[in-house]
Amino acid sequence: MEEKILWEEELRGGQTWSHIFDLGMAIRLTDVEGGANVSALMYNSRHMEERYNMPDTLKAQHIARLTEGFCIYSDMGRIMWSVTHDTCGWHDPLGGVLDEKSLAKKYGVKSYQEHRNEWTQAPKEQMLLELAKYSLGPRDWIPTLNFFSKVECNLDGVMKYIPGSSKPGSYVELRAEMRTLLVLNANHHPWEPGSTYAPKPVKITVKQVPPAGADDKCRLSRPENGRGFEINARCC
């Protein structure tokens, strides 16, 4: 199978987006202006009760971040996505998202009726609205991944947000390893400094790509990942 682009579009600042990906598909997210943050939710689209599991993803690979060569695990020990390309170098699985209350406290409230496209949109509530399209609701909420944001953990376990981690043109590419519902929201990271509401846009590129081979870097980066791919081969 040859790699080819299926389509491209823009994820505007504040916008929520979703799509069901099949095996053999990938998504590239490009930070157009620098300083973007994209929060993501992930579910097995055939069995929605299986979904992204943050603790298993981190402990299986002995990491506190995501970057090229690592995988994203479900709560059944299967691999949902592989991070095949990354020029940013650090993506945050720990920081969560803003909800209506925290967004209003930090940025204030601007209604659509008065401010049109400059209105403030709370990422959590917007993502819950998107989930409703797939008959999912608040009880199905899970930890998010935050692409393009960097949160470091020191030896004492203290977490610190690092501004300016993602530069203009930085990108990350994910390859689907099972049929997966992906929900994205482009908005501020909850720990980002400042009080001006101005979420950055991201370019979405959806691709057809070859499957992971025996020498795939994501398969080989950790012994656990090799076992995860084996489980996928039996079940997905």
# chains A, B, ... in the order shown; residues from 1 in each chain; ligands from 1
$ closest_atom_pairs --of "range 98-142 of chain A" --to "range 179-186 of chain A" --cutoff "12 Å" --atoms "only C-alpha atoms" --output "JSON lines"
{"residue": "A:Leu98", "atom": "CA", "partner": "A:Asn185", "partner_atom": "CA", "distance": 11.0}
{"residue": "A:Gln121", "atom": "CA", "partner": "A:Ala186", "partner_atom": "CA", "distance": 10.1}
{"residue": "A:Ala122", "atom": "CA", "partner": "A:Asn185", "partner_atom": "CA", "distance": 9.7}
{"residue": "A:Pro123", "atom": "CA", "partner": "A:Asn185", "partner_atom": "CA", "distance": 6.4}
{"residue": "A:Lys124", "atom": "CA", "partner": "A:Asn185", "partner_atom": "CA", "distance": 8.7}
{"residue": "A:Glu125", "atom": "CA", "partner": "A:Asn185", "partner_atom": "CA", "distance": 10.5}
{"residue": "A:Gln126", "atom": "CA", "partner": "A:Asn185", "partner_atom": "CA", "distance": 7.9}
{"residue": "A:Met127", "atom": "CA", "partner": "A:Asn185", "partner_atom": "CA", "distance": 6.9}
{"residue": "A:Leu128", "atom": "CA", "partner": "A:Val183", "partner_atom": "CA", "distance": 9.6}
{"residue": "A:Leu129", "atom": "CA", "partner": "A:Val183", "partner_atom": "CA", "distance": 10.6}
{"residue": "A:Glu130", "atom": "CA", "partner": "A:Val183", "partner_atom": "CA", "distance": 7.4}
{"residue": "A:Leu131", "atom": "CA", "partner": "A:Val183", "partner_atom": "CA", "distance": 7.7}
{"residue": "A:Ala132", "atom": "CA", "partner": "A:Val183", "partner_atom": "CA", "distance": 11.3}
{"residue": "A:Lys133", "atom": "CA", "partner": "A:Val183", "partner_atom": "CA", "distance": 10.9}
{"residue": "A:Tyr134", "atom": "CA", "partner": "A:Leu181", "partner_atom": "CA", "distance": 9.1}
{"residue": "A:Leu136", "atom": "CA", "partner": "A:Leu181", "partner_atom": "CA", "distance": 11.3}
{"residue": "A:Trp141", "atom": "CA", "partner": "A:Val183", "partner_atom": "CA", "distance": 11.5}
{"residue": "A:Ile142", "atom": "CA", "partner": "A:Val183", "partner_atom": "CA", "distance": 11.6}
$ write_last_selection --atoms "C-alpha atoms" --output "PDB file, in the first residue's frame"
ATOM      1  CA  LEU A  98     -10.528  23.418  30.677  1.00  0.00           C
ATOM      2  CA  GLN A 121     -15.773  27.866  24.123  1.00  0.00           C
ATOM      3  CA  ALA A 122     -15.015  25.445  26.953  1.00  0.00           C
ATOM      4  CA  PRO A 123     -13.143  22.397  25.588  1.00  0.00           C
ATOM      5  CA  LYS A 124     -14.676  19.801  27.910  1.00  0.00           C
ATOM      6  CA  GLU A 125     -18.269  20.793  27.236  1.00  0.00           C
ATOM      7  CA  GLN A 126     -17.642  21.113  23.494  1.00  0.00           C
ATOM      8  CA  MET A 127     -16.080  17.639  23.381  1.00  0.00           C
ATOM      9  CA  LEU A 128     -19.024  16.202  25.333  1.00  0.00           C
ATOM     10  CA  LEU A 129     -21.365  17.663  22.702  1.00  0.00           C
ATOM     11  CA  GLU A 130     -19.304  15.944  20.011  1.00  0.00           C
ATOM     12  CA  LEU A 131     -19.442  12.635  21.890  1.00  0.00           C
ATOM     13  CA  ALA A 132     -23.234  12.871  21.954  1.00  0.00           C
ATOM     14  CA  LYS A 133     -23.210  12.362  18.172  1.00  0.00           C
ATOM     15  CA  TYR A 134     -21.982   8.823  18.895  1.00  0.00           C
ATOM     16  CA  LEU A 136     -21.676   8.803  24.385  1.00  0.00           C
ATOM     17  CA  TRP A 141     -15.426  10.932  29.707  1.00  0.00           C
ATOM     18  CA  ILE A 142     -11.765   9.868  29.922  1.00  0.00           C
TER      19      ILE A 142
END
$ select_by_dssp --residues "range 12-193 of chain A" --states "alpha helix (DSSP H)" --output "ChimeraX atom specification"
/A:54-61,100-107,112-115,123-132
$ closest_residue --among "A:Arg175, A:Arg234, A:His188, A:Arg12" --to "Pro211 in chain A" --atoms "only C-alpha atoms"
A:Arg175
$ residues_around --residues "Glu2 in chain A" --least-positions-apart "5" --cutoff "8 Å" --atoms "only C-alpha atoms" --output "list in words"
Gln208, Val209 and Pro210 of chain A
$ write_last_selection --atoms "N, CA and C atoms" --output "short mmCIF file (atom, residue, chain, number, x, y, z; two decimals), in the first residue's frame"
data_model
loop_
_atom_site.label_atom_id
_atom_site.label_comp_id
_atom_site.auth_asym_id
_atom_site.auth_seq_id
_atom_site.Cartn_x
_atom_site.Cartn_y
_atom_site.Cartn_z
N GLN A 208 -3.83 7.74 3.84
CA GLN A 208 -3.76 6.28 3.73
C GLN A 208 -2.30 5.90 3.87
N VAL A 209 -1.98 4.95 4.75
CA VAL A 209 -0.58 4.59 5.01
C VAL A 209 -0.44 3.07 5.10
N PRO A 210 0.77 2.55 4.86
CA PRO A 210 1.00 1.11 5.02
C PRO A 210 0.88 0.70 6.48
#
$ atom_distance --atom1 "CA of Leu66 in chain A" --atom2 "CA of Glu152 in chain A"
11.8 Å
$ residues_around --residues "Phe21 in chain A" --least-positions-apart "3" --cutoff "12 Å" --atoms "only C-alpha atoms" --output "ChimeraX atom specification"
/A:6,18,24-27,42-46,80-81,174-183,206-209
$ residues_around --residues "range 100-110 of chain A" --least-positions-apart "6" --cutoff "6 Å" --atoms "only C-alpha atoms" --output "PDB file with N, CA and C atoms, in the first residue's frame"
ATOM      1  N   TRP A 119     -16.176  34.175  20.440  1.00  0.00           N
ATOM      2  CA  TRP A 119     -16.782  33.718  21.692  1.00  0.00           C
ATOM      3  C   TRP A 119     -15.902  32.692  22.376  1.00  0.00           C
ATOM      4  N   THR A 120     -16.043  32.582  23.671  1.00  0.00           N
ATOM      5  CA  THR A 120     -15.254  31.617  24.447  1.00  0.00           C
ATOM      6  C   THR A 120     -15.968  30.268  24.471  1.00  0.00           C
ATOM      7  N   ALA A 122     -15.674  26.325  25.992  1.00  0.00           N
ATOM      8  CA  ALA A 122     -15.015  25.445  26.953  1.00  0.00           C
ATOM      9  C   ALA A 122     -14.740  24.092  26.316  1.00  0.00           C
ATOM     10  N   SER A 195      -4.147  35.490  30.145  1.00  0.00           N
ATOM     11  CA  SER A 195      -5.589  35.618  30.343  1.00  0.00           C
ATOM     12  C   SER A 195      -6.319  36.043  29.075  1.00  0.00           C
ATOM     13  N   TYR A 197      -7.974  35.017  25.643  1.00  0.00           N
ATOM     14  CA  TYR A 197      -8.521  33.837  24.967  1.00  0.00           C
ATOM     15  C   TYR A 197      -8.259  33.952  23.467  1.00  0.00           C
TER      16      TYR A 197
END
$ atom_distance --atom1 "CA of Asp216 in chain A" --atom2 "CA of Ser166 in chain A"
25.8 Å
$ atom_distance --atom1 "CA of Lys150 in chain A" --atom2 "CA of Arg65 in chain A"
8.1 Å
$ closest_residue --among "A:Glu118, A:Asp75, A:Arg219, A:Cys88" --to "Gly169 in chain A" --atoms "only C-alpha atoms"
A:Cys88
$ residues_around --residues "His85 in chain A" --least-positions-apart "5" --cutoff "8 Å" --atoms "only C-alpha atoms" --output "list in words"
Thr67, Glu68, Gly69, Tyr171, Val172, Glu173 and Leu174 of chain A
$ write_last_selection --atoms "N, CA and C atoms" --output "PDB file, in the first residue's frame"
ATOM      1  N   THR A  67       5.818  10.884  22.171  1.00  0.00           N
ATOM      2  CA  THR A  67       6.550  11.407  21.031  1.00  0.00           C
ATOM      3  C   THR A  67       6.765  10.262  20.053  1.00  0.00           C
ATOM      4  N   GLU A  68       7.514  10.515  19.003  1.00  0.00           N
ATOM      5  CA  GLU A  68       7.721   9.531  17.940  1.00  0.00           C
ATOM      6  C   GLU A  68       8.286   8.212  18.484  1.00  0.00           C
ATOM      7  N   GLY A  69       7.713   7.113  17.997  1.00  0.00           N
ATOM      8  CA  GLY A  69       8.182   5.796  18.393  1.00  0.00           C
ATOM      9  C   GLY A  69       7.384   5.153  19.511  1.00  0.00           C
ATOM     10  N   TYR A 171       4.759  19.246  13.699  1.00  0.00           N
ATOM     11  CA  TYR A 171       3.679  18.311  13.408  1.00  0.00           C
ATOM     12  C   TYR A 171       3.885  16.996  14.150  1.00  0.00           C
ATOM     13  N   VAL A 172       2.768  16.286  14.315  1.00  0.00           N
ATOM     14  CA  VAL A 172       2.777  14.941  14.878  1.00  0.00           C
ATOM     15  C   VAL A 172       1.843  14.096  14.026  1.00  0.00           C
ATOM     16  N   GLU A 173       2.245  12.858  13.755  1.00  0.00           N
ATOM     17  CA  GLU A 173       1.433  11.970  12.921  1.00  0.00           C
ATOM     18  C   GLU A 173       1.135  10.674  13.671  1.00  0.00           C
ATOM     19  N   LEU A 174      -0.140  10.284  13.662  1.00  0.00           N
ATOM     20  CA  LEU A 174      -0.608   9.088  14.337  1.00  0.00           C
ATOM     21  C   LEU A 174      -1.161   8.104  13.318  1.00  0.00           C
TER      22      LEU A 174
END
$ decode --residues "range 34-150 of chain A" --atoms "C-alpha atoms" --output "mmCIF file, in the first residue's frame"
data_model
loop_
_atom_site.group_PDB
_atom_site.id
_atom_site.type_symbol
_atom_site.label_atom_id
_atom_site.label_comp_id
_atom_site.auth_asym_id
_atom_site.auth_seq_id
_atom_site.Cartn_x
_atom_site.Cartn_y
_atom_site.Cartn_z
ATOM 1 C CA GLY A 34 3.121 27.793 16.961
ATOM 2 C CA GLY A 35 1.828 27.507 20.507
ATOM 3 C CA ALA A 36 -1.205 25.383 19.667
ATOM 4 C CA ASN A 37 -2.839 22.814 21.932
ATOM 5 C CA VAL A 38 -5.081 20.009 20.662
ATOM 6 C CA SER A 39 -6.917 17.821 23.182
ATOM 7 C CA ALA A 40 -7.900 14.317 22.059
ATOM 8 C CA LEU A 41 -10.309 11.561 23.125
ATOM 9 C CA MET A 42 -10.097 8.047 21.632
ATOM 10 C CA TYR A 43 -12.563 5.132 21.579
ATOM 11 C CA ASN A 44 -12.775 1.761 19.826
ATOM 12 C CA SER A 45 -15.578 2.593 17.379
ATOM 13 C CA ARG A 46 -16.809 -1.032 17.264
ATOM 14 C CA HIS A 47 -16.936 -1.399 21.058
ATOM 15 C CA MET A 48 -17.110 2.074 22.603
ATOM 16 C CA GLU A 49 -16.582 0.697 26.110
ATOM 17 C CA GLU A 50 -12.931 0.184 25.087
ATOM 18 C CA ARG A 51 -11.119 3.484 25.096
ATOM 19 C CA TYR A 52 -7.761 5.241 25.588
ATOM 20 C CA ASN A 53 -6.123 4.470 28.922
ATOM 21 C CA MET A 54 -3.603 7.014 30.143
ATOM 22 C CA PRO A 55 -2.058 4.981 33.020
ATOM 23 C CA ASP A 56 -1.476 1.898 30.858
ATOM 24 C CA THR A 57 -0.005 4.011 28.041
ATOM 25 C CA LEU A 58 2.524 5.574 30.391
ATOM 26 C CA LYS A 59 3.470 2.668 32.644
ATOM 27 C CA ALA A 60 3.772 0.148 29.792
ATOM 28 C CA GLN A 61 6.352 2.347 28.058
ATOM 29 C CA HIS A 62 7.973 3.936 31.162
ATOM 30 C CA ILE A 63 7.174 7.446 29.976
ATOM 31 C CA ALA A 64 5.411 10.644 31.111
ATOM 32 C CA ARG A 65 5.021 12.092 27.607
ATOM 33 C CA LEU A 66 4.333 10.981 24.060
ATOM 34 C CA THR A 67 6.550 11.407 21.031
ATOM 35 C CA GLU A 68 7.721 9.531 17.940
ATOM 36 C CA GLY A 69 8.182 5.796 18.393
ATOM 37 C CA PHE A 70 5.648 5.343 21.180
ATOM 38 C CA CYS A 71 2.114 3.930 21.189
ATOM 39 C CA ILE A 72 -1.272 4.828 22.641
ATOM 40 C CA TYR A 73 -2.955 1.991 24.562
ATOM 41 C CA SER A 74 -6.575 1.123 25.277
ATOM 42 C CA ASP A 75 -7.861 -0.075 28.638
ATOM 43 C CA MET A 76 -7.766 -3.640 27.262
ATOM 44 C CA GLY A 77 -4.017 -3.599 26.617
ATOM 45 C CA ARG A 78 -4.371 -3.083 22.886
ATOM 46 C CA ILE A 79 -2.681 -0.450 20.769
ATOM 47 C CA MET A 80 -5.018 2.189 19.382
ATOM 48 C CA TRP A 81 -2.486 4.472 17.699
ATOM 49 C CA SER A 82 1.234 4.635 16.951
ATOM 50 C CA VAL A 83 3.114 7.953 16.935
ATOM 51 C CA THR A 84 5.018 7.509 13.689
ATOM 52 C CA HIS A 85 6.352 11.050 13.127
ATOM 53 C CA ASP A 86 6.891 13.980 15.465
ATOM 54 C CA THR A 87 8.855 17.222 15.130
ATOM 55 C CA CYS A 88 7.525 18.758 18.357
ATOM 56 C CA GLY A 89 9.070 16.162 20.672
ATOM 57 C CA TRP A 90 6.699 16.305 23.621
ATOM 58 C CA HIS A 91 2.942 15.814 23.972
ATOM 59 C CA ASP A 92 1.205 16.013 27.351
ATOM 60 C CA PRO A 93 -0.953 13.158 28.695
ATOM 61 C CA LEU A 94 -1.354 14.631 32.205
ATOM 62 C CA GLY A 95 -2.761 18.161 32.142
ATOM 63 C CA GLY A 96 -6.425 17.606 31.233
ATOM 64 C CA VAL A 97 -8.721 20.235 29.699
ATOM 65 C CA LEU A 98 -10.528 23.418 30.677
ATOM 66 C CA ASP A 99 -14.196 23.154 31.630
ATOM 67 C CA GLU A 100 -16.752 25.982 31.638
ATOM 68 C CA LYS A 101 -16.014 27.044 35.205
ATOM 69 C CA SER A 102 -12.214 27.101 34.871
ATOM 70 C CA LEU A 103 -12.376 28.763 31.439
ATOM 71 C CA ALA A 104 -14.678 31.520 32.720
ATOM 72 C CA LYS A 105 -12.408 32.142 35.724
ATOM 73 C CA LYS A 106 -9.306 32.443 33.539
ATOM 74 C CA TYR A 107 -10.594 34.048 30.335
ATOM 75 C CA GLY A 108 -14.027 35.463 31.162
ATOM 76 C CA VAL A 109 -17.182 34.739 29.191
ATOM 77 C CA LYS A 110 -17.999 36.003 25.700
ATOM 78 C CA SER A 111 -21.264 34.858 24.115
ATOM 79 C CA TYR A 112 -21.645 33.947 20.464
ATOM 80 C CA GLN A 113 -24.559 36.381 20.143
ATOM 81 C CA GLU A 114 -22.309 39.320 21.046
ATOM 82 C CA HIS A 115 -18.869 38.215 19.864
ATOM 83 C CA ARG A 116 -19.557 35.735 17.035
ATOM 84 C CA ASN A 117 -16.379 33.758 16.215
ATOM 85 C CA GLU A 118 -14.527 35.411 19.107
ATOM 86 C CA TRP A 119 -16.782 33.718 21.692
ATOM 87 C CA THR A 120 -15.254 31.617 24.447
ATOM 88 C CA GLN A 121 -15.773 27.866 24.123
ATOM 89 C CA ALA A 122 -15.015 25.445 26.953
ATOM 90 C CA PRO A 123 -13.143 22.397 25.588
ATOM 91 C CA LYS A 124 -14.676 19.801 27.910
ATOM 92 C CA GLU A 125 -18.269 20.793 27.236
ATOM 93 C CA GLN A 126 -17.642 21.113 23.494
ATOM 94 C CA MET A 127 -16.080 17.639 23.381
ATOM 95 C CA LEU A 128 -19.024 16.202 25.333
ATOM 96 C CA LEU A 129 -21.365 17.663 22.702
ATOM 97 C CA GLU A 130 -19.304 15.944 20.011
ATOM 98 C CA LEU A 131 -19.442 12.635 21.890
ATOM 99 C CA ALA A 132 -23.234 12.871 21.954
ATOM 100 C CA LYS A 133 -23.210 12.362 18.172
ATOM 101 C CA TYR A 134 -21.982 8.823 18.895
ATOM 102 C CA SER A 135 -24.406 8.143 21.802
ATOM 103 C CA LEU A 136 -21.676 8.803 24.385
ATOM 104 C CA GLY A 137 -22.016 11.111 27.369
ATOM 105 C CA PRO A 138 -20.444 12.361 30.622
ATOM 106 C CA ARG A 139 -20.055 8.841 32.019
ATOM 107 C CA ASP A 140 -17.824 8.049 29.021
ATOM 108 C CA TRP A 141 -15.426 10.932 29.707
ATOM 109 C CA ILE A 142 -11.765 9.868 29.922
ATOM 110 C CA PRO A 143 -8.408 11.652 30.365
ATOM 111 C CA THR A 144 -7.364 13.604 27.299
ATOM 112 C CA LEU A 145 -4.101 13.739 25.424
ATOM 113 C CA ASN A 146 -2.822 17.266 24.765
ATOM 114 C CA PHE A 147 -0.831 17.452 21.549
ATOM 115 C CA PHE A 148 1.801 20.220 21.169
ATOM 116 C CA SER A 149 1.889 20.965 24.927
ATOM 117 C CA LYS A 150 4.751 20.140 27.275
#
